[in-house]
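Note sheet for the following structure.
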Amino acid sequence: MDISNHIMALGLALLSGILMAVQGSLNAALSKVIGLMETTFIVHLIGTVLLIVILFLLKLGRGNLYALTDAPWYAYLGGVISIFIIYLVAASIPQAGMANATTAIIVGQVLTAIIIDHLGAFGMEQASWEWNDLAGLALLAIGAYLLLK
């Protein structure tokens, strides 16, 4: 594995985490004004409009929309799941606080990622868990518990 590509990928993941935290805060703020379900709708509407511009006006996509039917059926569940993610994040932040909600989100993500890696689910390359994965998850959960105190 090329270390520079690995570092770039980790940098992109870090940026994604930063953007998720900012998005969660923004969505929680909007939901206080217009409601949770309405916020979920507006967020997806704005995202859809932006992607229409990016894909069809700026032509920045790969041009592979014609291969839409080649994807396995479960790959489309991401759109359904994103509705729940936006809703649940916006609902949890005002009640639990940004740091607590984000910590719980991360624990859930890491636990699920370990399971998906171990099973090779959804077409991912199988990577069996090791004890250090579980130890890291346990330490993350302990950290989450301490943050909640």
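Starting from 1 in every chain, residues are counted up; chains themselves are A, B, ... following the order of the structure tokens, and ligands are numbered from 1 as listed.
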
Using only C-alpha atoms, tabulate the residues of range 81-144 of chain A lying at most 8 Å from any atom of range 23-46 of chain A, each with its closest atom pair and that distance in Å to one decimal, by chain and increasing residue number, as JSON lines.
{"residue": "A:Ile83", "atom": "CA", "partner": "A:Thr40", "partner_atom": "CA", "distance": 6.4}
{"residue": "A:Ile86", "atom": "CA", "partner": "A:Thr40", "partner_atom": "CA", "distance": 5.8}
{"residue": "A:Tyr87", "atom": "CA", "partner": "A:Thr40", "partner_atom": "CA", "distance": 5.7}
{"residue": "A:Val89", "atom": "CA", "partner": "A:Gly24", "partner_atom": "CA", "distance": 6.0}
{"residue": "A:Ala90", "atom": "CA", "partner": "A:Ala28", "partner_atom": "CA", "distance": 4.3}
{"residue": "A:Ala91", "atom": "CA", "partner": "A:Ala28", "partner_atom": "CA", "distance": 6.8}
{"residue": "A:Ile93", "atom": "CA", "partner": "A:Ala28", "partner_atom": "CA", "distance": 6.5}
{"residue": "A:Pro94", "atom": "CA", "partner": "A:Ala28", "partner_atom": "CA", "distance": 6.6}
{"residue": "A:Met98", "atom": "CA", "partner": "A:Ser25", "partner_atom": "CA", "distance": 7.2}

Could you give me the residues within range 1-148 of chain A that DSSP places in alpha helix (DSSP H), as a PyMOL selection string?
chain A and resi 3-34+36-52+77-96+98-119+131-148

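Remark: for Ala135 in chain A, the closest of the candidate residues A:Leu119, A:Ile52, A:Leu15, A:Val110 is A:Val110 (distances computed over only C-alpha atoms).
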
Selection near Thr102 in chain A, 10 Å with only C-alpha atoms, sequence-local residues under 6 positions removed, as a PyMOL selection string
chain A and resi 17+20-21+24+89+92-93+96+108+144

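All residues of protein, DNA or RNA that reach within 12 Å of range 76-80 of chain A, judged by only C-alpha atoms and not counting those fewer than 4 positions away in the chain, are Thr40, His44, Gly47, Thr48, Leu68, Thr69, Asp70, Ala71, Pro72, Phe84, Ile85, Ile86, Tyr87 and Phe122 of chain A.
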
Neighbour list for Leu139 in chain A as a CSV table (one decimal) with C-alpha atoms, in the first residue's frame, cut-off 10 Å, only C-alpha atoms, skip fewer than 6 positions in-chain:
chain,number,residue,atom,x,y,z
A,107,VAL,CA,-18.8,4.4,18.8
A,133,ASP,CA,-9.8,-3.7,17.3
A,145,TYR,CA,-18.7,7.1,29.1

As a check of understanding: the span from CA of Ala101 in chain A to CA of Gly120 in chain A is 27.8 Å

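Taking CA of Leu134 in chain A as the reference point, CA of Ile3 in chain A is found at 24.7 Å.
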